[in-house]
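Structure file start38.tsv (TSV, C-alpha atoms) is printed below.
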chain	number	residue	atom	x	y	z
A	1	MET	CA	-59.75	-1.57	-87.69
A	2	HIS	CA	-56.17	-2.77	-87.58
A	3	ARG	CA	-54.58	-2.43	-84.17
A	4	CYS	CA	-50.95	-1.65	-83.60
A	5	ARG	CA	-49.24	-4.58	-81.91
A	6	TYR	CA	-46.72	-2.45	-80.07
A	7	SER	CA	-47.20	0.19	-77.41
A	8	TYR	CA	-45.12	3.36	-77.34
A	9	ARG	CA	-43.37	2.02	-74.25
A	10	SER	CA	-42.36	-1.25	-75.92
A	11	ILE	CA	-41.11	0.54	-79.02
A	12	THR	CA	-39.10	2.97	-76.89
A	13	ALA	CA	-37.62	0.15	-74.82
A	14	ARG	CA	-36.58	-1.71	-77.96
A	15	PHE	CA	-35.08	1.48	-79.38
A	16	HIS	CA	-33.01	2.04	-76.26
A	17	PHE	CA	-31.76	-1.55	-76.38
A	18	GLU	CA	-30.67	-1.06	-79.99
A	19	ALA	CA	-29.17	2.35	-79.19
A	20	MET	CA	-26.98	0.76	-76.53
A	21	ALA	CA	-25.43	-1.51	-79.16
A	22	LEU	CA	-21.72	-1.01	-79.62
A	23	PRO	CA	-20.21	0.17	-82.91
A	24	PHE	CA	-17.54	-2.51	-82.46
A	25	SER	CA	-17.54	-6.15	-81.39
A	26	HIS	CA	-18.08	-6.64	-77.68
A	27	PRO	CA	-14.58	-6.79	-76.13
A	28	ASN	CA	-14.99	-10.11	-74.33
A	29	ALA	CA	-11.26	-10.75	-74.49
A	30	LEU	CA	-10.50	-7.41	-72.82
A	31	LEU	CA	-13.04	-7.48	-69.99
A	32	PRO	CA	-12.99	-9.84	-67.01
A	33	PRO	CA	-15.82	-12.39	-66.85
A	34	GLY	CA	-19.13	-10.99	-65.60
A	35	PHE	CA	-18.75	-7.51	-67.09
A	36	ALA	CA	-20.45	-6.02	-70.14
A	37	MET	CA	-19.84	-2.90	-72.22
A	38	SER	CA	-22.49	-0.82	-73.98
A	39	ARG	CA	-23.39	2.75	-74.85
A	40	CYS	CA	-24.56	5.04	-72.08
A	41	VAL	CA	-28.17	6.29	-72.14
A	42	PRO	CA	-29.84	9.17	-70.23
A	43	ALA	CA	-31.14	6.86	-67.49
A	44	ASP	CA	-27.49	6.16	-66.62
A	45	ALA	CA	-26.78	9.75	-65.52
A	46	PRO	CA	-27.22	9.11	-61.76
A	47	GLY	CA	-25.00	6.01	-61.87
A	48	MET	CA	-22.41	7.81	-63.98
A	49	THR	CA	-22.40	10.67	-61.48
A	50	GLU	CA	-21.86	8.24	-58.62
A	51	ILE	CA	-18.80	6.78	-60.33
A	52	PHE	CA	-17.48	10.25	-61.14
A	53	MET	CA	-17.76	11.32	-57.49
A	54	LYS	CA	-15.93	8.18	-56.37
A	55	ALA	CA	-13.19	8.63	-58.96
A	56	PHE	CA	-12.65	12.30	-58.15
A	57	PRO	CA	-13.34	12.72	-54.43
A	58	ALA	CA	-13.64	16.19	-52.95
A	59	GLY	CA	-10.32	17.51	-51.70
A	60	SER	CA	-8.22	15.86	-54.40
A	61	ASP	CA	-6.03	18.17	-56.48
A	62	PHE	CA	-8.29	18.63	-59.49
A	63	THR	CA	-11.35	19.52	-57.42
A	64	PHE	CA	-9.73	22.78	-56.31
A	65	TRP	CA	-12.43	24.77	-58.13
A	66	TRP	CA	-15.39	22.91	-56.57
A	67	SER	CA	-18.05	24.33	-54.31
A	68	PRO	CA	-17.51	23.24	-50.69
A	69	SER	CA	-20.96	21.61	-50.78
A	70	ILE	CA	-20.83	17.99	-51.98
A	71	THR	CA	-24.59	18.07	-52.58
A	72	VAL	CA	-24.18	21.06	-54.88
A	73	MET	CA	-21.36	19.39	-56.78
A	74	ARG	CA	-23.22	16.12	-57.18
A	75	THR	CA	-26.25	17.95	-58.60
A	76	TRP	CA	-24.06	20.10	-60.87
A	77	HIS	CA	-22.12	17.14	-62.26
A	78	GLN	CA	-25.26	15.11	-62.84
A	79	ALA	CA	-26.81	17.98	-64.80
A	80	ARG	CA	-23.63	18.27	-66.86
A	81	ILE	CA	-23.49	14.52	-67.53
A	82	ALA	CA	-27.18	14.39	-68.46
A	83	GLY	CA	-26.80	17.35	-70.81
A	84	ARG	CA	-24.16	15.57	-72.87
A	85	PHE	CA	-26.72	13.14	-74.27
A	86	ALA	CA	-28.00	15.97	-76.49
A	87	ASP	CA	-24.53	16.58	-77.96
A	88	PRO	CA	-23.97	14.98	-81.38
A	89	ASN	CA	-20.23	15.49	-80.92
A	90	THR	CA	-19.96	13.32	-77.81
A	91	GLN	CA	-20.14	9.54	-77.40
A	92	GLN	CA	-20.12	7.72	-74.08
A	93	PHE	CA	-19.56	4.06	-73.22
A	94	LYS	CA	-19.96	2.20	-69.94
A	95	VAL	CA	-18.99	-1.08	-68.33
A	96	VAL	CA	-21.51	-2.78	-66.04
A	97	ASP	CA	-20.97	-5.42	-63.39
A	98	GLU	CA	-23.55	-7.99	-64.49
A	99	SER	CA	-23.88	-9.41	-60.97
A	100	THR	CA	-25.22	-6.10	-59.65
A	101	GLY	CA	-26.33	-4.23	-62.77
A	102	ASN	CA	-24.27	-1.25	-61.62
A	103	ILE	CA	-22.01	0.89	-63.78
A	104	VAL	CA	-18.41	0.50	-62.66
A	105	ALA	CA	-16.66	2.64	-65.30
A	106	TRP	CA	-17.46	4.91	-68.22
A	107	ALA	CA	-15.70	7.00	-70.83
A	108	LYS	CA	-16.58	10.11	-72.79
A	109	TRP	CA	-15.15	10.51	-76.29
A	110	ASP	CA	-15.35	13.53	-78.59
A	111	PRO	CA	-14.67	12.20	-82.11
A	112	PRO	CA	-13.94	14.48	-85.06
A	113	ARG	CA	-16.80	14.81	-87.53
A	114	SER	CA	-14.80	12.84	-90.10
A	115	MET	CA	-14.73	9.71	-87.91
A	116	GLU	CA	-17.12	7.09	-89.25
A	117	GLY	CA	-16.44	4.02	-87.12
A	118	LEU	CA	-18.40	5.19	-84.07
A	119	ARG	CA	-21.59	6.18	-85.90
A	120	ALA	CA	-23.37	2.83	-85.82
A	121	GLY	CA	-26.01	2.83	-83.08
A	122	PHE	CA	-25.31	6.42	-82.02
A	123	VAL	CA	-28.22	8.68	-81.15
A	124	THR	CA	-28.72	11.85	-79.17
A	125	TYR	CA	-31.56	12.58	-76.77
A	126	GLY	CA	-33.78	15.54	-76.00
A	127	GLU	CA	-34.31	16.98	-72.54
A	128	ASP	CA	-37.21	14.56	-72.08
A	129	GLY	CA	-34.87	11.61	-72.58
A	130	ARG	CA	-36.35	10.66	-75.94
A	131	PRO	CA	-34.10	10.09	-78.95
A	132	VAL	CA	-33.90	12.77	-81.63
A	133	GLU	CA	-33.14	12.57	-85.33
A	134	GLN	CA	-29.45	12.11	-86.12
A	135	LEU	CA	-29.24	12.03	-89.89
A	136	ALA	CA	-29.14	15.77	-90.45
A	137	ARG	CA	-26.52	16.27	-87.73
A	138	GLN	CA	-24.29	13.50	-89.03
A	139	LYS	CA	-24.38	15.14	-92.45
A	140	GLY	CA	-23.36	18.43	-90.88
A	141	GLU	CA	-26.71	20.12	-91.49
A	142	GLY	CA	-27.26	22.47	-88.60
A	143	GLU	CA	-25.02	23.11	-85.63
A	144	TYR	CA	-25.48	21.96	-82.07
A	145	LYS	CA	-24.94	24.65	-79.48
A	146	ALA	CA	-24.11	23.38	-76.03
A	147	LYS	CA	-25.66	25.14	-73.07
A	148	LYS	CA	-23.00	26.91	-71.08
A	149	LEU	CA	-22.99	25.82	-67.46
A	150	SER	CA	-22.23	28.48	-64.91
A	151	ALA	CA	-19.99	27.84	-61.93
A	152	PRO	CA	-21.56	25.71	-59.19
A	153	GLU	CA	-23.21	27.58	-56.36
A	154	GLY	CA	-20.58	28.51	-53.79
A	155	ALA	CA	-17.61	27.85	-56.09
A	156	ASP	CA	-14.93	30.44	-56.72
A	157	GLU	CA	-15.68	31.66	-60.26
A	158	LYS	CA	-12.06	32.66	-60.91
A	159	LEU	CA	-10.83	29.16	-60.04
A	160	TYR	CA	-13.64	27.65	-62.12
A	161	GLU	CA	-12.64	29.73	-65.14
A	162	ALA	CA	-8.95	28.97	-64.58
A	163	PHE	CA	-9.64	25.24	-64.71
A	164	PHE	CA	-11.94	25.10	-67.73
A	165	GLY	CA	-10.17	27.95	-69.50
A	166	GLY	CA	-6.89	26.08	-69.18
A	167	LEU	CA	-8.42	22.98	-70.75
A	168	ARG	CA	-9.91	25.02	-73.60
A	169	SER	CA	-6.57	26.73	-74.27
A	170	MET	CA	-4.70	23.45	-74.49
A	171	GLY	CA	-7.35	22.02	-76.79
A	172	GLU	CA	-6.97	24.99	-79.10
A	173	LYS	CA	-3.18	24.87	-78.96
A	174	TRP	CA	-3.08	21.19	-79.95
A	175	ARG	CA	-6.04	21.41	-82.35
A	176	SER	CA	-7.98	18.78	-80.48
A	177	SER	CA	-11.09	19.40	-82.61
A	178	GLU	CA	-9.27	17.60	-85.43
A	179	LYS	CA	-8.48	14.59	-83.23
A	180	LEU	CA	-10.26	11.82	-81.37
A	181	VAL	CA	-10.48	13.19	-77.83
A	182	LEU	CA	-10.76	11.06	-74.72
A	183	SER	CA	-12.13	13.87	-72.58
A	184	LEU	CA	-13.11	11.83	-69.53
A	185	ILE	CA	-12.77	8.33	-68.16
A	186	CYS	CA	-13.56	7.28	-64.64
A	187	SER	CA	-13.96	4.02	-62.78
A	188	ASP	CA	-15.03	2.88	-59.34
A	189	PRO	CA	-11.83	2.52	-57.26
A	190	ALA	CA	-13.17	-0.82	-55.97
A	191	TYR	CA	-12.80	-2.19	-59.51
A	192	HIS	CA	-9.33	-0.88	-60.29
A	193	GLY	CA	-6.70	-3.29	-61.55
A	194	ARG	CA	-9.05	-5.44	-63.64
A	195	GLY	CA	-8.36	-3.89	-67.03
A	196	ILE	CA	-11.80	-2.30	-67.29
A	197	ALA	CA	-10.64	1.24	-68.08
A	198	SER	CA	-8.13	-0.17	-70.54
A	199	ALA	CA	-10.90	-2.07	-72.33
A	200	LEU	CA	-12.96	1.12	-72.69
A	201	ILE	CA	-9.99	2.83	-74.32
A	202	LYS	CA	-8.62	0.04	-76.51
A	203	SER	CA	-11.97	-0.66	-78.14
A	204	VAL	CA	-12.19	2.88	-79.52
A	205	LEU	CA	-8.49	3.24	-80.33
A	206	ALA	CA	-8.76	0.22	-82.62
A	207	ILE	CA	-11.23	2.21	-84.73
A	208	ALA	CA	-8.96	5.26	-84.64
A	209	ASP	CA	-6.11	3.12	-85.95
A	210	ALA	CA	-8.26	1.80	-88.77
A	211	GLU	CA	-9.21	5.34	-89.77
A	212	HIS	CA	-5.69	6.74	-89.24
A	213	LEU	CA	-6.83	9.20	-86.59
A	214	THR	CA	-4.68	10.86	-83.95
A	215	ALA	CA	-5.99	10.76	-80.36
A	216	TYR	CA	-5.69	13.45	-77.68
A	217	LEU	CA	-6.22	13.58	-73.91
A	218	GLU	CA	-5.31	15.45	-70.74
A	219	ALA	CA	-3.89	12.94	-68.27
A	220	LEU	CA	-3.98	13.02	-64.51
A	221	PRO	CA	-0.74	11.76	-62.91
A	222	LEU	CA	-2.08	8.36	-61.81
A	223	ALA	CA	-3.51	7.59	-65.26
A	224	ALA	CA	-0.53	8.68	-67.35
A	225	PRO	CA	1.32	5.30	-67.14
A	226	LEU	CA	-1.72	3.49	-68.59
A	227	TYR	CA	-1.94	5.94	-71.47
A	228	ARG	CA	1.76	5.55	-72.22
A	229	ARG	CA	1.32	1.78	-72.43
A	230	LEU	CA	-1.38	2.41	-75.03
A	231	GLY	CA	0.92	4.52	-77.16
A	232	PHE	CA	0.21	8.05	-75.91
A	233	VAL	CA	3.15	10.43	-75.63
A	234	GLY	CA	3.37	13.50	-73.42
A	235	VAL	CA	3.70	16.68	-75.46
A	236	ASP	CA	2.83	19.45	-72.98
A	237	THR	CA	1.74	20.15	-69.42
A	238	LEU	CA	-1.09	22.15	-67.90
A	239	GLU	CA	-0.42	23.45	-64.42
A	240	PHE	CA	-2.80	24.84	-61.80
A	241	ASP	CA	-1.50	26.76	-58.77
A	242	LEU	CA	-3.32	25.14	-55.86
A	243	THR	CA	-2.25	27.86	-53.41
A	244	ARG	CA	-4.91	30.07	-55.02
A	245	ALA	CA	-7.46	27.66	-53.54
A	246	GLY	CA	-5.78	27.50	-50.12
A	247	MET	CA	-4.12	24.19	-50.93
A	248	LYS	CA	-0.47	23.25	-51.32
A	249	GLY	CA	1.56	22.69	-54.44
A	250	THR	CA	0.65	22.50	-58.11
A	251	ALA	CA	-1.78	20.22	-59.92
A	252	VAL	CA	-0.33	19.04	-63.22
A	253	GLN	CA	-2.06	17.43	-66.18
A	254	THR	CA	0.00	15.97	-69.00
A	255	ILE	CA	-1.21	16.69	-72.51
A	256	MET	CA	-0.81	13.47	-74.49
A	257	ILE	CA	-1.06	12.60	-78.17
A	258	ARG	CA	-1.30	9.16	-79.76
A	259	GLU	CA	-0.57	8.65	-83.41
A	260	PRO	CA	-2.47	5.81	-85.12
A	261	GLY	CA	-0.84	2.42	-84.70
A	262	SER	CA	1.49	3.61	-81.93
A	263	ALA	CA	0.84	0.56	-79.76
A	264	PRO	CA	-1.10	-2.71	-79.91
A	265	VAL	CA	-4.72	-2.24	-78.84
A	266	VAL	CA	-5.80	-5.87	-78.66
Just give me the structure as structure tokens.
Amino acid sequence: MHRCRYSYRSITARFHFEAMALPFSHPNALLPPGFAMSRCVPADAPGMTEIFMKAFPAGSDFTFWWSPSITVMRTWHQARIAGRFADPNTQQFKVVDESTGNIVAWAKWDPPRSMEGLRAGFVTYGEDGRPVEQLARQKGEGEYKAKKLSAPEGADEKLYEAFFGGLRSMGEKWRSSEKLVLSLICSDPAYHGRGIASALIKSVLAIADAEHLTAYLEALPLAAPLYRRLGFVGVDTLEFDLTRAGMKGTAVQTIMIREPGSAPVV
């Protein structure tokens, strides 16, 4: 009897290695030495959550809708991050510090179905963390329905709906479903100033330029200057009244659009 040379575990490990392959050349010229970029995989969810919590600490303006419990929010965000690996409309990339093996930054992109340049190496995963068939989804056969997350335990549901409803409204207004959307990027503050976030963005924008795609994002104030340097232009603002959450002032996100070829991305 012929025996299979490979165990399920070895095949799965090899698959995950291949699935992490980038759909573009590794951006060695954009990253500082000792850092590597690849696709995110389900096992990254805890590390991605850790970076998210560092990038958006409790008490900052755009956490006004959060539960007062950090434990609750960490669990909620990790479930949300993990759930995205089942979404065929979402692609996520990370940068790892090779000296520690830790994720230091990651980005979530929502490409339009027409975009072809990000398909190579892309897979989605089931709840058990195993990859699922992509061919039918890429051809548009069958629709993915995301599970709707409810507000975190202890959060004000009206503030929660105000935040996410505002984002949805702006997306509809600017027809973001037809554009390449950078819906989230976050990096460990200890690694700021090294061009890591810029590398995550430029690598994908180069593909958008090649395919003549417009990009869309909602910028926080501190990130807006970087986006402008990459060719994004402010076209609208989304404001949240922080006094409703017992805070002071107004939190403002700038809606930004980038037309293909608007700025060098190399």
Within-6 Å shell of (-1.5, 5.2, -87.3) in input frame, all atoms listed in the file, as an mmCIF file with C-alpha atoms, keeping the file's coordinate frame:
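Wrote it out as out_34.cif, contents follow:
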data_model
loop_
_atom_site.group_PDB
_atom_site.id
_atom_site.type_symbol
_atom_site.label_atom_id
_atom_site.label_comp_id
_atom_site.auth_asym_id
_atom_site.auth_seq_id
_atom_site.Cartn_x
_atom_site.Cartn_y
_atom_site.Cartn_z
ATOM 1 C CA ASP A 209 -6.110 3.120 -85.950
ATOM 2 C CA HIS A 212 -5.690 6.740 -89.240
ATOM 3 C CA GLU A 259 -0.570 8.650 -83.410
ATOM 4 C CA PRO A 260 -2.470 5.810 -85.120
ATOM 5 C CA GLY A 261 -0.840 2.420 -84.700
#
| field | Computed interatomic separation between atom CA of A:Val72 and atom CA of A:Leu149 (Å) | value | 13.5 Å
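The nearest approach to A:Pro189 among the residues A:Thr63, A:Thr49, A:Leu22, A:Ala105, with all atoms listed in the file taken into account, belongs to A:Ala105.
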| request: Find the residues around A:Pro221 up to 9 Å (all atoms listed in the file counted), leave out those fewer than 4 positions away in its own chain, and share them as a ChimeraX atom specification. | output: /A:225,252-254
Can I get the selected residues back with C-alpha atoms, as a tab-separated table (two decimals), in the frame of the given file?
chain	number	residue	atom	x	y	z
A	225	PRO	CA	1.32	5.30	-67.14
A	252	VAL	CA	-0.33	19.04	-63.22
A	253	GLN	CA	-2.06	17.43	-66.18
A	254	THR	CA	0.00	15.97	-69.00
| What is the distance, in Å and to one decimal place, between atom CA of A:Pro57 and atom CA of A:Pro152? |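 Straight-line distance from atom CA of A:Pro57 to atom CA of A:Pro152 works out to 16.1 Å.
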| task | Do a neighbour search on stretch 230-247 of chain A at 6 Å with all atoms listed in the file, toss out local chain neighbours closer than 6 positions, and write the hits as a PyMOL selection string. | result | chain A and resi 253-258+262-263
Got time to write the residues from that selection, C-alpha atoms, as an mmCIF file, in the frame of the given file?
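This is the output file selection.cif:
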data_model
loop_
_atom_site.group_PDB
_atom_site.id
_atom_site.type_symbol
_atom_site.label_atom_id
_atom_site.label_comp_id
_atom_site.auth_asym_id
_atom_site.auth_seq_id
_atom_site.Cartn_x
_atom_site.Cartn_y
_atom_site.Cartn_z
ATOM 1 C CA GLN A 253 -2.060 17.430 -66.180
ATOM 2 C CA THR A 254 0.000 15.970 -69.000
ATOM 3 C CA ILE A 255 -1.210 16.690 -72.510
ATOM 4 C CA MET A 256 -0.810 13.470 -74.490
ATOM 5 C CA ILE A 257 -1.060 12.600 -78.170
ATOM 6 C CA ARG A 258 -1.300 9.160 -79.760
ATOM 7 C CA SER A 262 1.490 3.610 -81.930
ATOM 8 C CA ALA A 263 0.840 0.560 -79.760
#
A:Ser176: which residues within 9 Å, counting only C-alpha atoms, same-chain residues fewer than 3 positions away excluded, as a PDB file with C-alpha atoms, in the frame of the given file?
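Below is the file around.pdb, written as the result:
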ATOM      1  CA  PRO A 112     -13.940  14.480 -85.060  1.00  0.00           C
ATOM      2  CA  MET A 170      -4.700  23.450 -74.490  1.00  0.00           C
ATOM      3  CA  GLY A 171      -7.350  22.020 -76.790  1.00  0.00           C
ATOM      4  CA  GLU A 172      -6.970  24.990 -79.100  1.00  0.00           C
ATOM      5  CA  LYS A 173      -3.180  24.870 -78.960  1.00  0.00           C
ATOM      6  CA  LYS A 179      -8.480  14.590 -83.230  1.00  0.00           C
ATOM      7  CA  LEU A 180     -10.260  11.820 -81.370  1.00  0.00           C
ATOM      8  CA  VAL A 181     -10.480  13.190 -77.830  1.00  0.00           C
ATOM      9  CA  ALA A 215      -5.990  10.760 -80.360  1.00  0.00           C
ATOM     10  CA  TYR A 216      -5.690  13.450 -77.680  1.00  0.00           C
ATOM     11  CA  LEU A 217      -6.220  13.580 -73.910  1.00  0.00           C
TER      12      LEU A 217
END
| message | If I take atom CA of A:Ala58 and atom CA of A:Asn102, how far is one from the other in Å, to one decimal? | response |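 Computing it gives 22.2 Å between the two atoms.
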| task | Write out as a list of chain:residue names each polymer residue whose atoms come within 12 Å of A:Arg194, counting only C-alpha atoms; drop sequence neighbours fewer than 5 positions from it. | result | A:Leu30, A:Leu31, A:Pro32, A:Pro33, A:Gly34, A:Phe35, A:Val95, A:Asp97, A:Val104, A:Ala105, A:Ser187, A:Asp188, A:Pro189, A:Ala199, A:Leu200
| query | Taking into account all atoms listed in the file, which residue in the set A:Gly101, A:Pro111, A:Gly126, A:Gly47 is nearest to A:Leu205? | reply |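 With all atoms listed in the file as the atom set, the closest residue is A:Pro111.
Remark: for A:Glu50, the closest of the candidate residues A:Ile103, A:Thr250, A:His26, A:Gln92 is A:Ile103 (distances computed over only C-alpha atoms).
Shortest atom-to-atom contact with A:Gly117 among A:Gly59, A:Pro23, A:Pro131, A:Gly195: A:Pro23, counting only C-alpha atoms.
Among the candidates A:Asp110, A:Glu211, A:Glu127, A:Glu161, the one nearest to A:Gln91 when counting only C-alpha atoms is A:Asp110.
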| field | Using all atoms listed in the file: which of A:Phe52, A:Trp109, A:Phe85, A:Phe122 has the shortest distance to A:Ala21 | value | A:Phe122
